[in-house]
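See below for input-v2.cif, which holds mmCIF, C-alpha atoms and all ligand atoms.
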```cif
data_target
#
loop_
_atom_site.label_atom_id
_atom_site.label_comp_id
_atom_site.auth_asym_id
_atom_site.auth_seq_id
_atom_site.Cartn_x
_atom_site.Cartn_y
_atom_site.Cartn_z
CA MET A 256 140.74 118.33 130.50
CA ALA A 257 141.40 114.98 128.89
CA THR A 258 143.71 115.24 125.88
CA TRP A 259 144.76 112.73 123.26
CA SER A 260 145.54 109.19 124.53
CA ASN A 261 145.42 110.14 128.17
CA LEU A 262 144.62 106.88 129.92
CA ASN A 263 145.20 108.18 133.44
CA LEU A 264 143.01 110.24 135.70
CA GLN A 265 142.89 113.91 134.80
CA ASN A 266 144.88 116.28 136.98
CA GLY A 267 143.00 117.04 140.17
CA ALA A 268 141.85 120.64 140.56
CA SER A 269 140.29 120.24 144.00
CA PRO A 270 141.58 118.85 147.31
CA LEU A 271 139.05 116.02 147.25
CA MET A 272 140.10 114.91 143.77
CA GLU A 273 143.70 114.92 144.99
CA GLN A 274 142.68 112.58 147.82
CA MET A 275 140.84 110.35 145.35
CA ILE A 276 143.94 110.10 143.15
CA PHE A 277 146.03 109.20 146.22
CA PHE A 278 143.50 106.50 147.12
CA HIS A 279 143.48 105.18 143.57
CA ASP A 280 147.29 104.90 143.54
CA HIS A 281 147.29 103.28 147.00
CA THR A 282 144.76 100.65 145.95
CA LEU A 283 146.55 100.03 142.66
CA MET A 284 149.82 99.37 144.54
CA ILE A 285 148.07 96.74 146.69
CA LEU A 286 146.56 95.24 143.54
CA ILE A 287 149.96 95.02 141.85
CA MET A 288 151.48 93.36 144.93
CA ILE A 289 148.72 90.75 145.01
CA THR A 290 148.98 90.09 141.27
CA ILE A 291 152.75 89.58 141.43
CA LEU A 292 152.47 87.28 144.46
CA VAL A 293 149.76 85.14 142.85
CA MET A 294 151.69 84.97 139.55
CA TYR A 295 154.82 83.84 141.41
CA LEU A 296 152.90 81.16 143.33
CA MET A 297 151.19 79.87 140.18
CA MET A 298 154.46 79.68 138.28
CA ASN A 299 155.92 77.67 141.14
CA LEU A 300 152.95 75.33 141.15
CA PHE A 301 153.03 74.78 137.39
CA PHE A 302 156.76 74.15 137.01
CA ASN A 303 157.65 71.59 139.67
CA LYS A 304 157.40 67.85 140.08
CA PHE A 305 156.44 67.68 143.77
CA ILE A 306 153.92 64.98 144.65
CA ASN A 307 152.33 64.39 148.05
CA ARG A 308 149.89 61.50 147.97
CA PHE A 309 148.77 61.97 151.59
CA LEU A 310 147.93 65.69 151.50
CA LEU A 311 144.30 66.08 152.60
CA GLU A 312 144.20 69.22 154.72
CA GLY A 313 146.43 71.91 156.17
CA GLN A 314 144.81 73.85 158.98
CA MET A 315 147.65 76.32 159.49
CA ILE A 316 148.11 77.39 155.85
CA GLU A 317 144.34 77.74 155.44
CA LEU A 318 144.21 79.95 158.51
CA ILE A 319 146.99 82.12 157.09
CA TRP A 320 145.51 82.47 153.61
CA THR A 321 142.15 83.41 155.07
CA ILE A 322 143.42 86.05 157.49
CA LEU A 323 145.98 87.68 155.18
CA PRO A 324 143.43 88.76 152.51
CA ALA A 325 141.11 89.96 155.28
CA ILE A 326 143.85 92.24 156.63
CA THR A 327 144.61 93.44 153.08
CA LEU A 328 140.95 94.34 152.60
CA ILE A 329 140.99 96.41 155.80
CA PHE A 330 143.88 98.42 154.35
CA ILE A 331 141.64 99.30 151.40
CA ALA A 332 138.36 99.65 153.27
CA LEU A 333 139.47 102.13 155.93
CA PRO A 334 140.93 104.79 153.55
CA SER A 335 137.92 104.23 151.29
CA LEU A 336 135.48 104.97 154.12
CA ARG A 337 137.50 108.01 155.18
CA LEU A 338 137.28 109.34 151.62
CA LEU A 339 133.58 108.55 151.37
CA TYR A 340 132.77 110.61 154.45
CA LEU A 341 135.15 113.41 153.45
CA LEU A 342 133.30 113.74 150.13
CA ASP A 343 130.01 114.20 151.92
CA GLU A 344 131.27 116.85 154.31
CA LEU A 345 129.84 120.29 153.58
CA ASN A 346 131.84 123.08 155.14
CA ASN A 347 130.06 126.47 155.08
CA PRO A 348 129.54 126.83 151.33
CA LEU A 349 129.85 130.38 150.04
CA ILE A 350 127.91 129.87 146.82
CA THR A 351 125.15 127.51 145.84
CA LEU A 352 124.74 126.49 142.21
CA LYS A 353 121.69 124.55 141.12
CA SER A 354 122.08 122.45 137.98
CA ILE A 355 119.10 120.90 136.29
CA GLY A 356 119.40 118.14 133.71
CA HIS A 357 117.18 118.17 130.64
CA GLN A 358 117.06 116.10 127.45
CA TRP A 359 119.63 117.22 126.29
CA TYR A 360 121.18 120.22 127.96
CA TRP A 361 121.87 121.54 131.44
CA SER A 362 120.33 124.63 132.96
CA TYR A 363 121.79 126.47 135.92
CA GLU A 364 120.48 128.71 138.68
CA TYR A 365 122.50 130.93 141.00
CA SER A 366 119.95 131.07 143.79
CA ASP A 367 122.08 133.40 145.95
CA PHE A 368 122.21 136.20 143.39
CA ASN A 369 118.73 137.33 142.42
CA ASN A 370 118.22 133.87 140.92
CA ILE A 371 120.35 134.25 137.80
CA GLU A 372 119.40 131.38 135.52
CA PHE A 373 120.46 130.23 132.06
CA ASP A 374 120.58 127.19 129.78
CA SER A 375 123.85 125.63 128.71
CA TYR A 376 123.84 123.94 125.31
CA MET A 377 126.68 122.17 123.52
CA ILE A 378 128.37 124.20 120.79
CA ASN A 379 127.37 123.13 117.29
CA ASN A 380 130.14 121.54 115.19
CA ASN A 381 129.83 124.40 112.69
CA ASP A 382 130.63 127.15 115.22
CA LEU A 383 133.77 125.71 116.70
CA LEU A 384 136.15 128.67 116.41
CA ASN A 385 138.38 128.50 119.53
CA LYS A 386 136.09 125.92 121.11
CA PHE A 387 136.44 122.26 121.97
CA ARG A 388 134.40 119.89 119.82
CA LEU A 389 131.65 118.02 121.73
CA LEU A 390 132.86 119.50 125.03
CA ASP A 391 132.16 123.21 124.93
CA VAL A 392 128.90 124.98 125.71
CA ASP A 393 127.39 128.33 124.80
CA ASN A 394 126.89 129.49 128.41
CA ARG A 395 129.56 128.32 130.81
CA ILE A 396 129.24 128.07 134.57
CA ILE A 397 131.30 130.83 136.19
CA LEU A 398 132.58 130.12 139.69
CA PRO A 399 135.18 131.75 141.94
CA MET A 400 138.24 129.69 142.83
CA ASN A 401 139.34 129.01 146.42
CA ASN A 402 135.82 128.91 147.72
CA GLN A 403 133.64 126.15 149.06
CA ILE A 404 130.87 125.68 146.49
CA ARG A 405 127.66 123.73 146.96
CA ILE A 406 125.98 122.07 143.98
CA LEU A 407 122.34 121.04 144.00
CA VAL A 408 121.51 118.61 141.21
CA THR A 409 118.15 117.60 139.84
CA ALA A 410 116.49 116.76 136.52
CA THR A 411 113.21 117.40 134.76
CA ASP A 412 112.74 114.38 132.51
CA VAL A 413 115.03 111.35 132.92
CA ILE A 414 118.08 110.57 135.05
CA HIS A 415 121.22 112.51 134.07
CA SER A 416 124.51 112.75 135.88
CA TRP A 417 126.48 115.91 136.59
CA THR A 418 130.10 114.82 136.30
CA ILE A 419 133.40 116.71 136.28
CA PRO A 420 136.42 114.38 136.49
CA SER A 421 139.06 116.99 137.40
CA LEU A 422 137.01 118.18 140.38
CA GLY A 423 136.03 114.72 141.51
CA VAL A 424 132.32 115.38 141.24
CA LYS A 425 129.71 112.94 139.98
CA VAL A 426 126.12 113.28 141.11
CA ASP A 427 123.06 111.75 139.57
CA ALA A 428 120.33 114.17 138.55
CA ASN A 429 116.99 112.53 139.36
CA PRO A 430 113.58 113.97 138.57
CA GLY A 431 111.76 114.77 141.82
CA ARG A 432 114.86 114.65 143.94
CA LEU A 433 117.45 117.23 144.92
CA ASN A 434 120.96 115.83 145.33
CA GLN A 435 123.73 117.76 146.97
CA THR A 436 127.48 117.78 146.66
CA ASN A 437 130.29 120.25 147.12
CA PHE A 438 133.75 121.09 145.83
CA PHE A 439 136.57 123.55 146.19
CA ILE A 440 138.37 124.62 143.00
CA ASN A 441 141.96 125.42 143.86
CA ARG A 442 143.09 127.09 140.64
CA PRO A 443 141.78 129.22 137.80
CA GLY A 444 140.98 127.44 134.55
CA ILE A 445 138.30 125.75 132.49
CA PHE A 446 137.03 122.38 133.61
CA PHE A 447 135.06 120.06 131.35
CA GLY A 448 132.60 117.38 132.24
CA GLN A 449 129.93 115.31 130.56
CA CYS A 450 126.65 113.74 131.54
CA SER A 451 127.42 110.23 132.68
CA GLU A 452 124.07 108.58 132.99
CA ILE A 453 122.73 107.04 129.79
CA CYS A 454 119.87 109.46 129.29
CA GLY A 455 118.76 108.89 125.70
CA ALA A 456 119.76 109.40 122.09
CA ASN A 457 121.83 112.55 122.59
CA HIS A 458 123.38 111.58 125.92
CA SER A 459 126.89 112.35 124.61
CA PHE A 460 125.92 115.88 123.71
CA MET A 461 125.23 117.60 127.02
CA PRO A 462 128.66 118.66 128.28
CA ILE A 463 129.38 120.72 131.39
CA VAL A 464 131.93 123.55 131.45
CA ILE A 465 133.11 125.45 134.51
CA GLU A 466 135.15 128.61 134.24
CA SER A 467 137.06 129.11 137.46
CA ILE A 468 138.02 132.75 138.01
CA SER A 469 139.03 135.07 140.84
CA MET A 470 136.45 136.34 143.30
CA LYS A 471 136.85 139.89 141.98
CA ASN A 472 136.06 138.85 138.41
CA PHE A 473 133.22 136.67 139.63
CA ILE A 474 131.57 139.63 141.38
CA ASN A 475 132.03 141.61 138.16
CA TRP A 476 130.31 138.86 136.21
CA ILE A 477 127.46 138.63 138.69
CA ASN A 478 126.90 142.39 138.52
CA ASN A 479 126.63 142.26 134.75
CU1 LIG B 1 122.09 113.45 130.32
CU2 LIG B 1 123.33 111.46 129.72
#
```

If you took the structure in this file and wrote it as structure tokens, what would it be?
Ligand code: CUA
Amino acid sequence: MATWSNLNLQNGASPLMEQMIFFHDHTLMILIMITILVMYLMMNLFFNKFINRFLLEGQMIELIWTILPAITLIFIALPSLRLLYLLDELNNPLITLKSIGHQWYWSYEYSDFNNIEFDSYMINNNDLLNKFRLLDVDNRIILPMNNQIRILVTATDVIHSWTIPSLGVKVDANPGRLNQTNFFINRPGIFFGQCSEICGANHSFMPIVIESISMKNFINWINN
């Protein structure tokens, strides 16, 4: 989860989030290289006394500074496309979780298991013993780690967005539409997310919490 003054991405808890962090760092390195190069060139242009009264055109330099950025963009575009298609790949999901956005809470359905369903409301500020303010919910999502999990996302009233930064998941919840995504949690733990589509007055108060546990404990939970 995000803690005080963390300005970076949260630690990835799924292979796809790891790939996204790699891509972010890769793109940032290219950005830094470009920024430094442009700063150096501008400094050189500002602080010299060169004058060329007959300079009208330079075919070769224009060719170079058109092609070089194009090649740079390819180095960003290709990994980006790879990641985009990887994110959409669904590989034999073991469990399907349906999450439904409401104003202002989420409700969940485990369609595989006798259709277990429950609502998930944010914890009130007055009942915060051992809970995280504005982030915790009364009924958490329980999911087994090291399994491919499919998420179906929809809404009943307005557009919400089911978002968990550490898992690299962000899917809009639209009324009348069923969106699909998937993830693979690679460790036990509690993962926090928030709605990230401006959905009305209490938009900030519909958090998402996933408890990632072992398969054995998950089966125990399902049986209860
Ligand atoms: Cu639901 Cu913002």

Self-check item: Surrounding residues of Asp374 of chain A excluding itself and chain neighbours under 6 positions, 7 Å, only C-alpha atoms, as a list in words
Solution: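 Those residues are Trp361, Ser362, Tyr363 and Asn394 of chain A.
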
Self-check item: Surroundings of ligand LIG 1 (chain B) up to 12 Å, based on all atoms listed in the file, as a PyMOL selection string
Solution: chain A and resi 354-362+376-377+409-418+426-430+448-463

Quiz prompt | Pick from A:Leu339, A:Ile289, A:Ile404, A:Gln314 nearest to Thr327 of chain A, counting only C-alpha atoms | solution =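 The answer is A:Ile289, which sits nearest to Thr327 of chain A.
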
Quiz prompt | Distance in Å - atom CA of Ile397 of chain A versus atom CA of Pro348 of chain A | solution = 15.8 Å

Practice problem: Mind checking which residues fall within 12 Å of Phe330 of chain A, counting only C-alpha atoms, ignoring those fewer than 6 positions away in the same chain, and posting them as a PyMOL selection string? | Solution: chain A and resi 278+281-282+284-286+323-324+336-337

Exercise. Using all atoms listed in the file, find the one residue out of A:Val464, A:Ala257, A:Val293, A:Leu328 that sits nearest to Ile378 of chain A.
Key: A:Val464

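Remark: for Ser366 of chain A, the closest of the candidate residues A:Met294, A:Leu311, A:Ile322, A:Ile406 is A:Ile406 (distances computed over all atoms listed in the file).
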
Quiz item: What lies within 8 Å of Ala268 of chain A using all atoms listed in the file, ignoring chain neighbours under 3 positions off, as a ChimeraX atom specification?
Solution: /A:272-273,421-422,440-442

Quiz item: atom CA of Pro270 of chain A and atom CA of Leu338 of chain A, how far apart in Å?
Solution: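 Separation between atom CA of Leu338 of chain A and atom CA of Pro270 of chain A: 11.3 Å.
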
Exercise. Work out how far atom CA of Phe447 of chain A is from atom CA of Ile350 of chain A, in Å to one decimal.
Key: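 Those two atoms sit 19.7 Å apart.
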
Work out where the centre of an axis-aligned box around every listed atom of segment 388-407 of chain A lies and how long its edges are once 4 Å is added on each side; give both in Å to one decimal as AutoDock Vina command-line options.
```
--center_x 130.8 --center_y 124.9 --center_z 134.4 --size_x 25.0 --size_y 21.7 --size_z 37.2
```

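In this comparison, which uses only C-alpha atoms, the residue of A:Gly444, A:Gly313, A:Pro334, A:Gly423 approaching Glu466 of chain A most closely is A:Gly444.
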
Quiz prompt | Nearest candidate to Ile419 of chain A (options A:Ile276, A:Ile445, A:Leu433, A:Ala332; using all atoms listed in the file) | solution =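 Checking each of A:Ile276, A:Ile445, A:Leu433, A:Ala332 against Ile419 of chain A, counting all atoms listed in the file, the winner is A:Ile445.
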
Quiz item: With only C-alpha atoms as the basis for distance, which of A:Leu345, A:Ser269, A:Leu390, A:Asn478 is at the shortest distance from Pro443 of chain A?
Solution: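 Checking each candidate against Pro443 of chain A, we get A:Ser269 as the closest.
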